[in-house]
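Novice: Coordinates in data_25.txt, compact mmCIF, C-alpha atoms, are listed below.
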```txt
# COMPACT_ATOMS: atom_id res chain seq x y z
CA MET A 1 -17.94 -7.45 30.09
CA GLU A 2 -15.89 -5.57 32.68
CA PHE A 3 -16.56 -1.98 33.59
CA LYS A 4 -13.66 0.30 32.63
CA ASP A 5 -12.78 3.24 34.81
CA TYR A 6 -11.55 5.81 32.30
CA TYR A 7 -10.81 8.32 35.05
CA ARG A 8 -8.45 5.85 36.68
CA THR A 9 -6.79 5.07 33.32
CA LEU A 10 -5.90 8.74 32.90
CA GLY A 11 -5.19 9.20 36.62
CA VAL A 12 -7.65 12.09 37.06
CA ALA A 13 -10.47 12.82 39.50
CA ARG A 14 -14.09 12.37 38.38
CA ASP A 15 -14.61 16.12 38.58
CA ALA A 16 -11.45 16.87 36.55
CA THR A 17 -11.71 19.81 34.16
CA ALA A 18 -11.29 19.38 30.42
CA ASP A 19 -7.89 20.99 30.82
CA ASP A 20 -6.81 18.52 33.54
CA ILE A 21 -7.89 15.65 31.29
CA LYS A 22 -5.94 17.01 28.34
CA LYS A 23 -2.83 17.48 30.47
CA ALA A 24 -3.05 13.97 31.92
CA PHE A 25 -3.52 12.51 28.44
CA ARG A 26 -0.49 14.32 27.01
CA LYS A 27 1.69 13.21 29.88
CA LEU A 28 0.70 9.57 29.30
CA ALA A 29 0.90 9.91 25.49
CA ARG A 30 4.51 10.96 25.94
CA LYS A 31 5.24 8.21 28.46
CA TYR A 32 3.78 5.41 26.34
CA HIS A 33 4.66 6.72 22.87
CA PRO A 34 4.98 3.52 20.80
CA ASP A 35 8.10 4.71 18.95
CA LEU A 36 9.98 5.59 22.07
CA SER A 37 8.69 3.87 25.17
CA LYS A 38 10.71 1.11 26.78
CA GLU A 39 7.92 0.36 29.26
CA PRO A 40 6.62 -3.20 28.92
CA GLY A 41 3.20 -3.28 27.28
CA ALA A 42 3.47 0.37 26.20
CA GLU A 43 1.41 -0.20 23.05
CA ALA A 44 -1.47 -1.80 24.96
CA ARG A 45 -1.37 0.95 27.59
CA MET A 46 -1.44 3.60 24.85
CA LYS A 47 -4.59 2.03 23.39
CA GLU A 48 -6.28 2.19 26.80
CA VAL A 49 -5.18 5.79 27.25
CA ASN A 50 -6.48 6.70 23.76
CA GLU A 51 -9.81 5.04 24.50
CA ALA A 52 -10.18 6.81 27.85
CA TYR A 53 -9.30 10.14 26.24
CA ALA A 54 -11.71 9.59 23.33
CA VAL A 55 -14.52 9.33 25.91
CA LEU A 56 -13.50 11.88 28.55
CA SER A 57 -12.43 14.59 26.09
CA ASP A 58 -15.79 14.52 24.31
CA PRO A 59 -18.43 16.26 26.49
CA GLU A 60 -21.29 14.17 25.07
CA LYS A 61 -19.55 10.85 25.57
CA ARG A 62 -18.28 11.88 28.98
CA ALA A 63 -21.78 12.85 30.18
CA ALA A 64 -23.20 9.55 28.92
CA TYR A 65 -20.38 7.58 30.53
CA ASP A 66 -20.80 9.42 33.85
CA ALA A 67 -24.55 8.81 33.86
CA LEU A 68 -24.14 5.14 33.13
CA GLY A 69 -21.09 4.40 35.22
CA ARG A 70 -22.34 5.76 38.52
CA GLY A 71 -21.83 3.10 41.19
CA TYR A 72 -19.65 0.78 39.12
CA ARG A 73 -16.20 -0.30 40.21
CA PRO A 74 -13.42 -1.03 37.70
CA GLY A 75 -13.43 -4.66 36.62
CA GLN A 76 -16.99 -5.18 37.87
CA GLU A 77 -19.27 -7.16 35.58
CA PHE A 78 -21.15 -4.63 33.49
CA ARG A 79 -24.16 -4.75 31.19
CA PRO A 80 -25.75 -1.50 30.03
CA PRO A 81 -29.56 -1.36 30.38
CA PRO A 82 -31.43 -1.49 27.06
CA ASP A 83 -31.84 1.88 25.36
CA TRP A 84 -29.81 3.54 28.08
CA ASP A 85 -28.52 6.07 25.56
CA ALA A 86 -31.98 7.10 24.30
CA ASN A 87 -31.65 10.46 26.01
CA PHE A 88 -28.28 11.26 24.53
CA GLU A 89 -27.82 12.81 21.15
CA PHE A 90 -24.39 11.94 19.87
CA SER A 91 -23.12 14.29 17.21
CA GLY A 92 -19.52 13.12 17.13
CA PRO A 93 -17.69 11.94 14.05
CA GLY A 94 -18.97 8.40 14.57
CA PHE A 95 -17.29 5.14 15.10
CA GLY A 96 -14.04 5.60 13.22
CA ALA A 97 -11.27 3.25 12.25
CA GLU A 98 -9.44 4.18 15.43
CA ALA A 99 -12.22 2.65 17.50
CA ALA A 100 -11.19 -0.74 16.11
CA ASP A 101 -8.38 -0.59 18.68
CA PHE A 102 -10.80 0.07 21.52
CA SER A 103 -12.43 -2.39 23.92
CA ASP A 104 -15.76 -4.18 23.71
CA PHE A 105 -16.82 -1.98 26.62
CA PHE A 106 -16.37 1.09 24.41
CA ALA A 107 -18.15 -0.55 21.48
CA GLU A 108 -21.10 -1.52 23.68
CA LEU A 109 -21.44 2.00 25.05
CA PHE A 110 -20.85 4.11 22.00
CA GLY A 111 -21.69 1.78 19.13
CA ARG A 112 -24.77 3.82 18.20
CA MET A 113 -22.86 6.95 17.57
CA GLY A 114 -23.10 8.09 14.01
CA GLY A 115 -24.73 4.83 13.00
CA ARG A 116 -28.34 5.77 13.67
CA PRO A 117 -29.96 7.86 10.98
CA ARG A 118 -31.13 11.18 12.36
CA GLU A 119 -34.87 11.73 12.40
CA GLY A 120 -35.99 14.56 10.20
CA GLY A 121 -32.71 14.58 8.33
CA PHE A 122 -32.20 14.26 4.65
CA GLY A 123 -30.88 10.72 4.98
CA ARG A 124 -27.30 9.71 5.23
CA ARG A 125 -24.83 10.93 2.73
CA GLU A 126 -22.97 8.29 0.79
CA ALA A 127 -19.46 7.97 2.17
CA ARG A 128 -16.57 5.62 1.60
CA GLY A 129 -15.53 3.55 4.61
CA GLU A 130 -12.33 4.40 6.41
CA ASP A 131 -9.04 2.68 5.64
CA HIS A 132 -7.63 0.44 8.34
CA HIS A 133 -4.00 -0.14 9.20
CA ALA A 134 -2.30 -3.20 10.65
CA LYS A 135 1.22 -4.51 10.99
CA VAL A 136 2.31 -7.89 9.73
CA LEU A 137 5.45 -9.60 10.97
CA LEU A 138 7.26 -11.76 8.42
CA ASP A 139 10.47 -13.73 8.27
CA ILE A 140 13.04 -12.78 5.65
CA GLU A 141 12.46 -16.19 4.07
CA ASP A 142 8.84 -15.15 3.43
CA ALA A 143 10.01 -12.18 1.35
CA TRP A 144 11.92 -14.64 -0.80
CA ARG A 145 9.12 -16.94 -1.74
CA GLY A 146 5.94 -15.13 -0.69
CA THR A 147 3.71 -16.55 2.01
CA THR A 148 0.19 -16.72 3.41
CA ARG A 149 -0.52 -15.09 6.74
CA GLN A 150 -3.56 -15.19 8.95
CA ILE A 151 -4.45 -11.75 10.23
CA SER A 152 -7.00 -11.03 12.94
CA LEU A 153 -8.62 -7.63 12.94
CA ARG A 154 -11.37 -5.85 14.75
CA VAL A 155 -13.66 -4.11 12.35
CA PRO A 156 -16.75 -2.00 13.14
CA ARG A 157 -19.91 -3.26 11.44
CA MET A 158 -23.47 -1.96 11.51
CA ASP A 159 -25.93 -4.53 12.83
CA ALA A 160 -29.59 -4.75 11.80
CA SER A 161 -30.64 -2.07 14.31
CA GLY A 162 -28.09 0.38 12.94
CA ARG A 163 -25.76 -0.09 15.88
CA ALA A 164 -22.01 -0.38 15.34
CA VAL A 165 -20.50 -3.53 16.77
CA LEU A 166 -16.88 -4.60 16.70
CA ASP A 167 -16.37 -7.84 14.84
CA THR A 168 -13.22 -9.86 15.01
CA ARG A 169 -12.42 -10.96 11.50
CA THR A 170 -9.76 -13.39 10.48
CA LEU A 171 -8.32 -12.98 7.02
CA ASP A 172 -5.99 -15.28 5.15
CA VAL A 173 -3.74 -13.04 3.12
CA ARG A 174 -1.33 -14.05 0.41
CA ILE A 175 1.78 -11.91 0.59
CA PRO A 176 3.61 -11.73 -2.71
CA LYS A 177 7.33 -12.40 -2.87
CA GLY A 178 9.76 -9.51 -3.05
CA VAL A 179 8.23 -7.57 -0.16
CA ARG A 180 10.46 -5.10 1.72
CA GLU A 181 10.61 -3.91 5.32
CA GLY A 182 8.20 -0.98 5.76
CA GLN A 183 6.38 -1.68 2.49
CA LEU A 184 2.61 -1.50 2.32
CA ILE A 185 0.30 -4.24 1.17
CA ARG A 186 -3.17 -3.13 0.15
CA LEU A 187 -6.24 -5.31 0.53
CA ALA A 188 -8.89 -3.47 -1.39
CA GLY A 189 -12.31 -3.26 0.25
CA GLN A 190 -11.24 -4.84 3.56
CA GLY A 191 -11.47 -1.66 5.69
CA SER A 192 -14.56 -0.16 7.32
CA PRO A 193 -17.86 -0.60 5.50
CA GLY A 194 -19.11 2.44 3.61
CA LEU A 195 -22.10 4.50 4.71
CA GLY A 196 -25.26 5.01 2.69
CA GLY A 197 -24.16 2.62 -0.03
CA GLY A 198 -20.63 4.02 -0.27
CA PRO A 199 -17.75 1.62 -1.01
CA PRO A 200 -15.77 0.06 1.86
CA GLY A 201 -12.30 1.33 2.78
CA ASP A 202 -9.08 -0.59 2.25
CA LEU A 203 -6.90 -2.48 4.68
CA LEU A 204 -3.26 -1.44 4.57
CA LEU A 205 -0.73 -3.84 6.03
CA GLU A 206 2.70 -2.56 6.95
CA VAL A 207 5.41 -5.19 6.65
CA HIS A 208 8.00 -5.78 9.35
CA PHE A 209 10.65 -8.49 9.45
CA SER A 210 11.33 -10.46 12.59
CA PRO A 211 15.01 -10.55 13.58
CA HIS A 212 16.98 -13.34 11.89
CA PRO A 213 20.18 -14.91 13.23
CA ARG A 214 21.89 -14.93 9.80
CA TYR A 215 20.23 -12.37 7.60
CA GLN A 216 19.50 -8.67 7.74
CA ALA A 217 17.61 -6.69 5.15
CA ASN A 218 18.14 -3.15 3.96
CA GLY A 219 15.39 -2.44 1.45
CA ARG A 220 15.72 -5.40 -0.92
CA ASP A 221 19.44 -5.80 -0.18
CA LEU A 222 20.29 -8.85 1.87
CA LEU A 223 23.13 -8.45 4.36
CA VAL A 224 24.96 -11.57 5.43
CA ASP A 225 27.89 -12.14 7.72
CA LEU A 226 30.40 -14.51 6.08
CA PRO A 227 32.66 -16.38 8.51
CA VAL A 228 35.88 -17.64 6.81
CA ALA A 229 39.00 -19.48 7.95
CA PRO A 230 42.27 -17.48 7.85
CA TRP A 231 43.58 -19.52 4.92
CA GLU A 232 40.36 -19.04 2.92
CA ALA A 233 40.74 -15.29 3.37
CA ALA A 234 44.49 -15.23 2.75
CA LEU A 235 44.59 -17.51 -0.26
CA GLY A 236 41.20 -16.76 -1.75
CA SER A 237 38.55 -19.43 -2.13
CA VAL A 238 35.07 -20.23 -3.36
CA ILE A 239 32.61 -20.46 -0.49
CA PRO A 240 29.00 -21.69 -0.62
CA VAL A 241 26.64 -19.12 0.93
CA PRO A 242 23.20 -20.42 1.98
CA LEU A 243 20.37 -18.16 0.78
CA PRO A 244 16.98 -17.80 2.52
CA ASP A 245 15.32 -20.01 -0.12
CA GLY A 246 17.58 -22.90 0.94
CA SER A 247 19.80 -22.76 -2.15
CA LEU A 248 23.57 -22.31 -2.06
CA LEU A 249 25.31 -19.53 -3.94
CA LYS A 250 29.00 -20.03 -4.60
CA VAL A 251 30.91 -16.82 -3.94
CA ARG A 252 34.56 -16.20 -4.74
CA ILE A 253 36.53 -14.63 -1.91
CA PRO A 254 39.51 -12.72 -3.30
CA ALA A 255 42.95 -13.55 -1.90
CA GLY A 256 43.95 -11.26 0.94
CA ALA A 257 40.38 -10.42 2.05
CA GLN A 258 40.53 -8.91 5.53
CA SER A 259 37.85 -9.12 8.21
CA GLY A 260 35.19 -6.49 7.61
CA ARG A 261 35.68 -6.47 3.83
CA GLN A 262 32.42 -6.20 1.95
CA LEU A 263 31.61 -8.19 -1.14
CA VAL A 264 28.56 -7.37 -3.25
CA VAL A 265 26.81 -9.84 -5.53
CA HIS A 266 24.42 -7.81 -7.68
CA GLY A 267 20.87 -9.01 -8.12
CA LYS A 268 21.13 -11.83 -5.57
CA GLY A 269 19.26 -10.06 -2.73
CA ILE A 270 15.53 -10.20 -2.13
CA PRO A 271 13.80 -10.96 -5.46
CA GLY A 272 11.78 -8.18 -7.08
CA ASN A 273 11.84 -5.76 -9.93
CA PRO A 274 14.66 -4.86 -9.66
CA PRO A 275 15.99 -7.47 -7.22
CA GLY A 276 18.24 -6.35 -4.37
CA ASP A 277 21.93 -7.12 -3.94
CA LEU A 278 23.58 -9.64 -1.67
CA GLU A 279 26.07 -7.87 0.58
CA LEU A 280 28.54 -10.15 2.33
CA THR A 281 30.78 -9.02 5.16
CA VAL A 282 33.88 -11.17 5.54
CA ARG A 283 34.64 -12.19 9.11
CA VAL A 284 37.88 -14.08 9.64
CA VAL A 285 37.47 -16.66 12.40
CA LEU A 286 40.61 -18.04 14.08
CA PRO A 287 40.84 -21.78 14.70
CA PRO A 288 41.42 -22.39 18.43
CA ALA A 289 44.98 -23.21 19.53
CA ASP A 290 43.71 -25.97 21.76
CA THR A 291 45.94 -28.90 20.71
CA ALA A 292 49.69 -29.32 20.62
CA ARG A 293 49.54 -29.53 16.82
CA ALA A 294 47.51 -26.34 16.47
CA LYS A 295 49.89 -24.47 18.78
CA GLU A 296 52.83 -25.71 16.73
CA LEU A 297 51.26 -24.39 13.51
CA TYR A 298 50.67 -20.95 15.04
CA GLU A 299 54.24 -20.90 16.37
CA THR A 300 55.58 -21.82 12.90
CA MET A 301 53.60 -18.91 11.38
CA ALA A 302 54.86 -16.54 14.06
CA ARG A 303 58.41 -17.58 13.39
CA GLU A 304 58.35 -17.63 9.62
CA LEU A 305 55.89 -14.88 8.61
CA LYS A 306 57.45 -12.06 10.61
CA PHE A 307 54.02 -10.41 10.61
CA ASP A 308 53.29 -7.33 12.70
CA PRO A 309 49.58 -6.42 12.52
CA ARG A 310 50.34 -3.07 14.25
CA ALA A 311 53.12 -2.00 11.89
CA ALA A 312 50.78 0.16 9.83
CA SER A 313 49.22 1.89 12.83
CA GLY A 314 52.68 2.64 14.33
CA SER A 315 51.66 1.45 17.80
CA MET B 1 -8.52 -23.26 4.01
CA ARG B 2 -10.00 -23.08 0.55
CA GLU B 3 -7.91 -21.44 -2.13
CA GLU B 4 -10.71 -18.94 -2.90
CA ASP B 5 -10.78 -17.76 0.73
CA ILE B 6 -7.27 -16.37 0.46
CA LEU B 7 -7.09 -12.65 -0.20
CA ILE B 8 -4.35 -11.53 -2.51
CA GLY B 9 -2.40 -8.55 -1.21
CA ALA B 10 -1.16 -5.92 -3.66
CA LEU B 11 2.35 -4.63 -2.92
CA LEU B 12 2.42 -0.86 -3.02
CA GLU B 13 5.61 0.30 -4.66
CA ASP B 14 7.25 3.63 -3.95
CA ALA B 15 5.44 6.68 -5.25
CA CYS B 16 2.15 4.95 -5.91
CA LEU B 17 -0.46 6.63 -3.67
CA THR B 18 -2.34 9.61 -5.06
CA LEU B 19 -3.06 12.65 -2.88
CA GLU B 20 -6.63 11.39 -2.36
CA GLU B 21 -5.48 7.88 -1.42
CA LEU B 22 -2.87 9.17 1.00
CA SER B 23 -5.31 11.58 2.67
CA ARG B 24 -7.95 8.88 2.97
CA ALA B 25 -5.49 6.39 4.46
CA CYS B 26 -4.51 8.97 7.08
CA ALA B 27 -8.10 10.20 7.67
CA VAL B 28 -7.23 13.82 6.86
CA PRO B 29 -8.62 16.10 4.13
CA PRO B 30 -6.44 16.50 1.00
CA ASP B 31 -5.99 20.21 1.87
CA TRP B 32 -4.27 19.17 5.08
CA VAL B 33 -1.63 17.32 3.01
CA ILE B 34 -1.35 20.09 0.38
CA GLU B 35 -0.73 22.68 3.07
CA ARG B 36 2.10 20.65 4.62
CA VAL B 37 3.70 19.87 1.27
CA ARG B 38 3.66 23.61 0.42
CA GLU B 39 5.22 24.37 3.83
CA GLY B 40 8.00 21.87 3.10
CA LEU B 41 6.96 19.57 5.96
CA LEU B 42 6.24 16.67 3.64
CA PRO B 43 8.32 15.70 0.60
CA ALA B 44 7.47 17.88 -2.41
CA PRO B 45 6.51 15.51 -5.20
CA GLY B 46 6.53 18.15 -7.99
CA GLU B 47 3.57 19.84 -9.65
CA PRO B 48 0.63 19.74 -10.20
CA SER B 49 -0.83 18.14 -7.08
CA SER B 50 -2.94 15.82 -9.23
CA ALA B 51 0.34 14.20 -10.34
CA TRP B 52 1.65 13.75 -6.79
CA ARG B 53 2.55 10.22 -5.78
CA PHE B 54 3.52 9.06 -2.31
CA GLY B 55 5.13 5.89 -0.99
CA SER B 56 5.02 3.72 2.14
CA ARG B 57 7.50 5.90 3.98
CA ASP B 58 5.48 9.06 3.26
CA LEU B 59 2.36 7.40 4.57
CA ALA B 60 4.10 6.42 7.81
CA ARG B 61 5.37 10.01 8.16
CA VAL B 62 1.96 11.55 7.57
CA ARG B 63 0.28 9.23 10.09
CA GLN B 64 2.92 10.10 12.64
CA ILE B 65 2.52 13.85 12.09
CA VAL B 66 -1.27 13.54 12.34
CA ARG B 67 -0.92 11.77 15.70
CA ILE B 68 1.59 14.27 17.10
CA GLU B 69 -0.48 17.28 16.03
CA ARG B 70 -3.63 15.75 17.49
CA ASP B 71 -2.25 14.31 20.74
CA PHE B 72 -0.16 17.31 21.71
CA ASP B 73 -1.95 20.13 19.91
CA ALA B 74 1.41 20.62 18.20
CA VAL B 75 1.95 23.18 15.45
CA PRO B 76 2.70 21.43 12.14
CA GLU B 77 6.36 22.53 12.11
CA LEU B 78 6.96 20.99 15.53
CA ALA B 79 5.17 17.78 14.59
CA ALA B 80 7.35 17.55 11.45
CA LEU B 81 10.48 18.12 13.51
CA VAL B 82 9.50 15.26 15.85
CA ALA B 83 8.81 13.06 12.81
CA ASP B 84 12.29 13.96 11.44
CA LEU B 85 13.84 12.88 14.72
CA PHE B 86 11.91 9.61 14.73
CA GLU B 87 13.06 8.89 11.17
CA GLU B 88 16.65 9.55 12.20
CA LEU B 89 16.16 7.28 15.22
CA ASP B 90 14.77 4.51 13.01
CA ASP B 91 17.74 4.76 10.64
CA LEU B 92 20.23 4.64 13.51
CA ARG B 93 18.43 1.70 15.11
CA ALA B 94 18.50 -0.16 11.77
CA ARG B 95 22.24 0.50 11.48
CA LEU B 96 22.82 -0.78 15.01
CA ARG B 97 20.84 -3.90 14.17
CA ARG B 98 22.87 -4.47 11.00
CA ALA B 99 26.08 -4.07 12.98
CA GLY B 100 24.77 -6.61 15.52
CA LEU B 101 24.91 -3.99 18.28
CA ASP B 102 21.31 -3.70 19.38
```
Turn this file's structure into structure tokens for me.
Specialist:
Amino acid sequence: MEFKDYYRTLGVARDATADDIKKAFRKLARKYHPDLSKEPGAEARMKEVNEAYAVLSDPEKRAAYDALGRGYRPGQEFRPPPDWDANFEFSGPGFGAEAADFSDFFAELFGRMGGRPREGGFGRREARGEDHHAKVLLDIEDAWRGTTRQISLRVPRMDASGRAVLDTRTLDVRIPKGVREGQLIRLAGQGSPGLGGGPPGDLLLEVHFSPHPRYQANGRDLLVDLPVAPWEAALGSVIPVPLPDGSLLKVRIPAGAQSGRQLVVHGKGIPGNPPGDLELTVRVVLPPADTARAKELYETMARELKFDPRAASGS
Amino acid sequence: MREEDILIGALLEDACLTLEELSRACAVPPDWVIERVREGLLPAPGEPSSAWRFGSRDLARVRQIVRIERDFDAVPELAALVADLFEELDDLRARLRRAGLD
């Protein structure tokens, strides 16, 4: 395990005041905010910053870290001596769900927090484990037919000596069909273990769709671009539209449909109760005038149709 | 992979989380949520609070507000304003994506 220099992560001196640490954290929290940052690896950096702040902003953890880390360089191989923390009394809120995002280094150092029953106490109160959150990236096709996804998570667990360790767990999860972007999937009992015989928390998965070259989703509505030839649009036609499940849906294009016109087929979007709609946007594609024959056809149209696309706009 | 090893996920529909479930999922006390609903910073799901139900979008909003309040020591109104702006940004980004402009 590598030693982590939390002071360097936050860019503060070892004798920084609590106020300096808070200021440095806020500056970085703004810089690497996951919803806004365009910096590469912003999410990973934010986790490191959160971990460093969780230690340095807590006087007990900071004192323990300082005592232990004296003489270590960042990245140096690190192994804490046994019972190194015997002289520290941690009273913090324990090893919460957030710590699942933290490093093994953090888990090794602070795993005992909150996990060891206090001597002379009245025993631990029964408490439900915390809920965990994770994101799951699906393809739109998966929403159509449901799918199974393998999800790897880090979950705190109490070992036999009452110490919290971070386990990496791999779960195979069946995702039902009809799922929407942003929707939650609950896996009951898959969060943090409970304390004192309390029930475990849940795992909540937030669904995101990966970008698709043909399809877009808006809730359960499926948005599809529909390229058509000029004569299909002008004369009207029936066009087969491929759906994410591989089937073809025949859609009638009304005569005179212009580019940008929207056609809605109710109930043919992402399945569910109720199912979404299929929203098609007509896009007229011109055949290239790259042969003598094609040029001749365009010239015939120009001559005989007397069509001025700018007549209506007056330009 | 054995069939029995596969966990079945339950899809949470809109307006399905109780006040207690929402608070627990966001690691805040129920009073924290009640206070912000009463202040108009979270959607008001009617009365009484025992009948409140929240959806996926509410949960994302609450988690975001919790983070902003905690990370920046922000007053709840400011955190809610930032969350409003992020929601607007998400909607605009989704529209850009749909228009093929992102």
Novice: Taking only C-alpha atoms into account, find every residue of chain B that has an atom no more than 7 Å from chain A, and write it out as an MDAnalysis selection string.
Specialist: chainID B and resid 5:12 24:25 56 71:72 98
Novice: Go through A:Lys4, A:Glu77, A:Arg252, A:Gly260 and flag the residue nearest A:Tyr65, using all atoms listed in the file for the distances.
Specialist: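 Looking at the shortest contact to A:Tyr65, the residue is A:Lys4.
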Novice: Do a neighbour search on stretch 275-279 of chain A at 7 Å with all atoms listed in the file, toss out local chain neighbours closer than 2 positions, and write the hits as a PyMOL selection string.
Specialist: chain A and resi 220-224+262-273+281
Novice: How would the residues just chosen look if you wrote them out with C-alpha atoms as a short mmCIF file (atom, residue, chain, number, x, y, z; two decimals), in the coordinates of the input?
Specialist:
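Result file again-v4.cif:
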```cif
data_model
loop_
_atom_site.label_atom_id
_atom_site.label_comp_id
_atom_site.auth_asym_id
_atom_site.auth_seq_id
_atom_site.Cartn_x
_atom_site.Cartn_y
_atom_site.Cartn_z
CA ARG A 220 15.72 -5.40 -0.92
CA ASP A 221 19.44 -5.80 -0.18
CA LEU A 222 20.29 -8.85 1.87
CA LEU A 223 23.13 -8.45 4.36
CA VAL A 224 24.96 -11.57 5.43
CA GLN A 262 32.42 -6.20 1.95
CA LEU A 263 31.61 -8.19 -1.14
CA VAL A 264 28.56 -7.37 -3.25
CA VAL A 265 26.81 -9.84 -5.53
CA HIS A 266 24.42 -7.81 -7.68
CA GLY A 267 20.87 -9.01 -8.12
CA LYS A 268 21.13 -11.83 -5.57
CA GLY A 269 19.26 -10.06 -2.73
CA ILE A 270 15.53 -10.20 -2.13
CA PRO A 271 13.80 -10.96 -5.46
CA GLY A 272 11.78 -8.18 -7.08
CA ASN A 273 11.84 -5.76 -9.93
CA THR A 281 30.78 -9.02 5.16
#
```
Novice: Between atom CA of A:Ser57 and atom CA of A:Asp19, what is the distance in Å, rounded to a tenth?
Specialist: 9.2 Å
Novice: For stretch 301-311 of chain A, find every residue with an atom within 12 Å (counting all atoms listed in the file), except residues of its own chain fewer than 6 positions away, and show them as a list in words.
Specialist: Pro230, Trp231, Gln258, Ala294 and Lys295 of chain A
Novice: Can you tell me how far atom CA of A:Asp58 sits from atom CA of A:Tyr7, in Å to one decimal?
Specialist: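 About the pair atom CA of A:Asp58 and atom CA of A:Tyr7: they are 13.4 Å apart.
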Novice: State, in Å with one decimal place, the distance from atom CA of A:Leu235 to atom CA of A:Thr300.
Specialist: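 Computing it gives 17.7 Å between the two atoms.
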Novice: Which polymer residues have any atom within 12 Å of an atom of A:Leu286, counting all atoms listed in the file, with same-chain residues fewer than 4 positions away left out, as a list in words?
Specialist: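 Everything that qualifies: Pro227, Val228, Ala229, Pro230, Trp231, Glu232, Ala233, Ser259, Asp290, Ala294 and Tyr298 of chain A.
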Novice: Go through A:Gly197, A:Pro59, A:Pro40, A:Phe105 one by one, measure the shortest atom-to-atom distance of each to A:Glu126 using all atoms listed in the file, and give the residue with the smallest value.
Specialist: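 The shortest atom-to-atom distance to A:Glu126 comes from A:Gly197.
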Novice: Write out as an NGL selection string the residues lying within 12 Å of stretch 30-47 of chain B, counting only C-alpha atoms and excluding same-chain residues fewer than 4 positions away.
Specialist: :B and (14-26 or 51-55 or 57-66 or 69 or 75-84)
